[in-house]
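Structure first, then comments.
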Amino acid sequence: MDNSIICVDEQKLYINNKFFNILEKNNLLKFNHIFNLEETEIAKKFLDYRYTLKLNLIDINNNPQTFFIKKYFNFKKQKAYKEATREWKAMWTFMKNDIPAPIPVALGLDKDKAFILSKGIKYTYKLDEWSHIYLRKSSIDEHIKRNVIKQIAKIVGKMHRLHLFHQDLYLCHFLCNSKKETLSISLIDLQRVKIKPKFELKWKIKDLAQLFFSAKKFITNKDIEYFWTNYSKISNTNIPKRFIFYLIYLKAKQIERHTQKHNL
């Protein structure tokens with residue numbers, strides 16, 4: 001932890017000092033006060049031991065601000081504090097390196113549960129949903145499609161250059177700002193991010209295969225080449241293209257078989 005983080009409530013709560021005043025105003029300087037907030041709505045719930053809630057808080061100027069709280073619970077060998085701490089660290093790493101992602105607000109740690117509070121992203125439209133609407137249109141402006149591909153290549157390329165690997169890099173985890181044709185894109189769900197792992201090629205292939213698998217119905221070989229041109233320059237990848245494409249294809253086929261087997 002660095003001096004931009006304030007620790008309170010007997011080391012149960014770590015706060016990004018930029019958001020200290022708003023949490024203080026809302027009487028949220030204790031772990032339980034945040035964890036047990038009642039005025040919330042489900043934003044994302046897939047697992048009983050991890051789910052996300054949306055909430056509104058009043059800032060120091062009495063304006064409503066949107067936040068998201070992701071709650072973690074111990075489950076089998078998974079420890080809530082480890083899961084939350086990993087995502088918290090990833091959020092800070094992404095933010096400090098100007099990779100668009102949720103902004104960390106607070107980390108709460110207790111014996112059997114934990115949470116991360118993040119600033120609400122204005123981007124609420126999933127990129128896979130946008131793709132279903134726009135990229136299947138034969139009349140779509142090529143410039144629009146290229147803009148989307150270039151933004152994704154920039155995000156993923158910079159991530160990999162910094163030795164960051166998402167591990168869940170499907171289009172549904174990219175959010176865009178609206179249904180409009182001009183998009184800004186952000187990456188979410190950082191709880192699995194690996195930072196400088198061993199065998200980096202393995203994780204790079206996994207990320208790229210997940211991205212390819214989720215996007216393949218919307219793209220052409222020409223689009224893939226355009227992505228690779230931008231991605232490889234930013235990521236400093238110098239592995240032979242034919243070799244890495246082959247590995248991505250094999251991994252994508254494995255993902256496809258797993259998806260079909262489990263009806264995902």
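Residues in the structure tokens are named by chain (A, B, ... in the order shown) and by number from 1 within that chain; ligands are numbered from 1 in the order shown.
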Could you find all residues in region 99-244 of chain A that DSSP calls helix (DSSP H, G or I) from the backbone, and write them as an MDAnalysis selection string?
chainID A and resid 127:134 142:161 171:173 200:218 221:235 241:244
Please return, as a PDB file with C-alpha atoms, in the first residue's frame, all residues of region 52-218 of chain A that DSSP assigns to strand (DSSP E) on the basis of the backbone.
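The resulting selection-v5.pdb:
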ATOM      1  CA  THR A  52     -21.690  -7.167  -7.783  1.00  0.00           C
ATOM      2  CA  LEU A  53     -24.146  -4.511  -6.615  1.00  0.00           C
ATOM      3  CA  LYS A  54     -24.779  -1.016  -7.927  1.00  0.00           C
ATOM      4  CA  LEU A  55     -25.241   1.828  -5.472  1.00  0.00           C
ATOM      5  CA  ASN A  56     -25.563   5.608  -5.417  1.00  0.00           C
ATOM      6  CA  LEU A  57     -23.813   7.898  -2.956  1.00  0.00           C
ATOM      7  CA  ILE A  58     -24.069  11.643  -2.442  1.00  0.00           C
ATOM      8  CA  PRO A  64     -25.487  11.541  -6.739  1.00  0.00           C
ATOM      9  CA  GLN A  65     -22.551   9.408  -7.863  1.00  0.00           C
ATOM     10  CA  THR A  66     -22.712   5.782  -9.032  1.00  0.00           C
ATOM     11  CA  PHE A  67     -20.453   3.120  -7.520  1.00  0.00           C
ATOM     12  CA  PHE A  68     -20.197  -0.651  -7.713  1.00  0.00           C
ATOM     13  CA  ILE A  69     -19.439  -2.978  -4.831  1.00  0.00           C
ATOM     14  CA  LYS A  70     -18.195  -6.479  -5.586  1.00  0.00           C
ATOM     15  CA  LYS A  71     -18.595  -8.809  -2.626  1.00  0.00           C
ATOM     16  CA  TYR A  72     -16.465 -11.890  -2.063  1.00  0.00           C
ATOM     17  CA  PHE A  73     -17.037 -14.813   0.325  1.00  0.00           C
ATOM     18  CA  ILE A 103     -11.358   3.086 -10.649  1.00  0.00           C
ATOM     19  CA  PRO A 104     -10.543   1.630  -7.196  1.00  0.00           C
ATOM     20  CA  VAL A 105     -12.322   3.385  -4.321  1.00  0.00           C
ATOM     21  CA  ALA A 106     -12.103   1.077  -1.309  1.00  0.00           C
ATOM     22  CA  LEU A 107     -10.996  -2.413  -0.312  1.00  0.00           C
ATOM     23  CA  GLY A 108     -12.621  -4.140   2.652  1.00  0.00           C
ATOM     24  CA  LEU A 109     -11.145  -7.265   4.273  1.00  0.00           C
ATOM     25  CA  LYS A 113     -15.647 -11.995   3.417  1.00  0.00           C
ATOM     26  CA  ALA A 114     -14.287  -9.014   1.520  1.00  0.00           C
ATOM     27  CA  PHE A 115     -15.317  -6.373  -0.983  1.00  0.00           C
ATOM     28  CA  ILE A 116     -14.071  -3.895  -3.536  1.00  0.00           C
ATOM     29  CA  LEU A 117     -15.817  -0.587  -4.079  1.00  0.00           C
ATOM     30  CA  SER A 118     -15.173   1.028  -7.464  1.00  0.00           C
ATOM     31  CA  LYS A 119     -16.285   4.184  -9.234  1.00  0.00           C
ATOM     32  CA  TYR A 125     -23.227  -1.254 -23.064  1.00  0.00           C
ATOM     33  CA  LYS A 126     -21.428  -4.592 -23.443  1.00  0.00           C
ATOM     34  CA  LEU A 164      -0.702  -8.047 -17.344  1.00  0.00           C
ATOM     35  CA  PHE A 165      -2.963 -10.919 -18.401  1.00  0.00           C
ATOM     36  CA  PHE A 174     -15.402  -4.736 -22.638  1.00  0.00           C
ATOM     37  CA  LEU A 175     -17.896  -1.945 -22.006  1.00  0.00           C
ATOM     38  CA  CYS A 176     -18.617   0.875 -24.427  1.00  0.00           C
ATOM     39  CA  ILE A 185     -14.134   1.309 -24.511  1.00  0.00           C
ATOM     40  CA  SER A 186     -13.208   0.126 -21.015  1.00  0.00           C
ATOM     41  CA  LEU A 187     -12.218  -3.297 -19.633  1.00  0.00           C
ATOM     42  CA  LYS A 194      -2.116 -12.108 -13.471  1.00  0.00           C
ATOM     43  CA  ILE A 195       0.774  -9.686 -13.039  1.00  0.00           C
TER      44      ILE A 195
END
Atomic distance CA of Lys198 (chain A) - CA of Arg86 (chain A), expressed in Å with one decimal
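Between CA of Lys198 (chain A) and CA of Arg86 (chain A) the gap works out to 16.6 Å.
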Could you list, as a ChimeraX atom specification, every residue within 10 Å of region 224-235 of chain A, counting only C-alpha atoms and ignoring same-chain residues fewer than 6 positions away?
/A:146,148-163,212,215-216,241,245
Could you save those same residues with N, CA and C atoms as a short mmCIF file (atom, residue, chain, number, x, y, z; two decimals), in the first residue's frame?
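As written to disk, selection.cif reads:
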data_model
loop_
_atom_site.label_atom_id
_atom_site.label_comp_id
_atom_site.auth_asym_id
_atom_site.auth_seq_id
_atom_site.Cartn_x
_atom_site.Cartn_y
_atom_site.Cartn_z
N ARG A 146 -13.06 -0.40 -37.69
CA ARG A 146 -11.62 -0.27 -37.48
C ARG A 146 -11.32 0.47 -36.17
N VAL A 148 -13.09 0.42 -33.41
CA VAL A 148 -13.30 -0.52 -32.32
C VAL A 148 -12.13 -1.49 -32.21
N ILE A 149 -11.73 -2.05 -33.33
CA ILE A 149 -10.62 -3.02 -33.34
C ILE A 149 -9.34 -2.37 -32.83
N LYS A 150 -9.10 -1.15 -33.25
CA LYS A 150 -7.87 -0.46 -32.85
C LYS A 150 -7.86 -0.17 -31.35
N GLN A 151 -9.01 0.21 -30.80
CA GLN A 151 -9.09 0.47 -29.36
C GLN A 151 -8.83 -0.80 -28.56
N ILE A 152 -9.44 -1.90 -28.99
CA ILE A 152 -9.22 -3.18 -28.29
C ILE A 152 -7.75 -3.58 -28.39
N ALA A 153 -7.17 -3.44 -29.58
CA ALA A 153 -5.75 -3.78 -29.76
C ALA A 153 -4.86 -2.93 -28.86
N LYS A 154 -5.22 -1.66 -28.70
CA LYS A 154 -4.44 -0.77 -27.85
C LYS A 154 -4.51 -1.20 -26.38
N ILE A 155 -5.72 -1.53 -25.91
CA ILE A 155 -5.90 -1.96 -24.53
C ILE A 155 -5.14 -3.26 -24.26
N VAL A 156 -5.37 -4.25 -25.11
CA VAL A 156 -4.76 -5.57 -24.90
C VAL A 156 -3.25 -5.51 -25.12
N GLY A 157 -2.83 -4.76 -26.14
CA GLY A 157 -1.40 -4.63 -26.41
C GLY A 157 -0.65 -3.99 -25.25
N LYS A 158 -1.21 -2.92 -24.71
CA LYS A 158 -0.55 -2.25 -23.58
C LYS A 158 -0.55 -3.14 -22.35
N MET A 159 -1.65 -3.83 -22.13
CA MET A 159 -1.75 -4.76 -21.01
C MET A 159 -0.65 -5.81 -21.08
N HIS A 160 -0.48 -6.42 -22.24
CA HIS A 160 0.52 -7.48 -22.39
C HIS A 160 1.94 -6.93 -22.35
N ARG A 161 2.15 -5.72 -22.85
CA ARG A 161 3.48 -5.13 -22.77
C ARG A 161 3.91 -4.92 -21.32
N LEU A 162 2.92 -4.65 -20.46
CA LEU A 162 3.18 -4.42 -19.04
C LEU A 162 3.10 -5.72 -18.23
N HIS A 163 3.02 -6.86 -18.94
CA HIS A 163 2.99 -8.19 -18.30
C HIS A 163 1.73 -8.38 -17.47
N PHE A 212 -10.49 -13.86 -29.57
CA PHE A 212 -10.82 -14.36 -30.91
C PHE A 212 -12.10 -15.19 -30.89
N ALA A 215 -15.15 -13.02 -30.66
CA ALA A 215 -15.32 -12.03 -31.73
C ALA A 215 -15.41 -12.65 -33.12
N LYS A 216 -15.13 -13.95 -33.25
CA LYS A 216 -14.92 -14.52 -34.58
C LYS A 216 -16.14 -14.42 -35.50
N LYS A 241 4.29 -14.60 -36.50
CA LYS A 241 2.83 -14.51 -36.57
C LYS A 241 2.19 -15.86 -36.85
N PHE A 245 -0.49 -17.47 -34.27
CA PHE A 245 -1.85 -17.65 -34.76
C PHE A 245 -2.28 -19.11 -34.62
#
Between CA of Asp168 (chain A) and CA of Ala90 (chain A), distance in Å (one decimal):
13.6 Å
Record the distance separating CA of Phe218 (chain A) and CA of Lys251 (chain A), expressed in Å with one decimal.
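Result for CA of Phe218 (chain A) versus CA of Lys251 (chain A): 18.7 Å, one decimal.
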Residue among A:Lys44, A:Lys25, A:Arg192, A:His143 lying closest to Asp223 (chain A), counting only C-alpha atoms
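Checking each of A:Lys44, A:Lys25, A:Arg192, A:His143 against Asp223 (chain A), counting only C-alpha atoms, the winner is A:His143.
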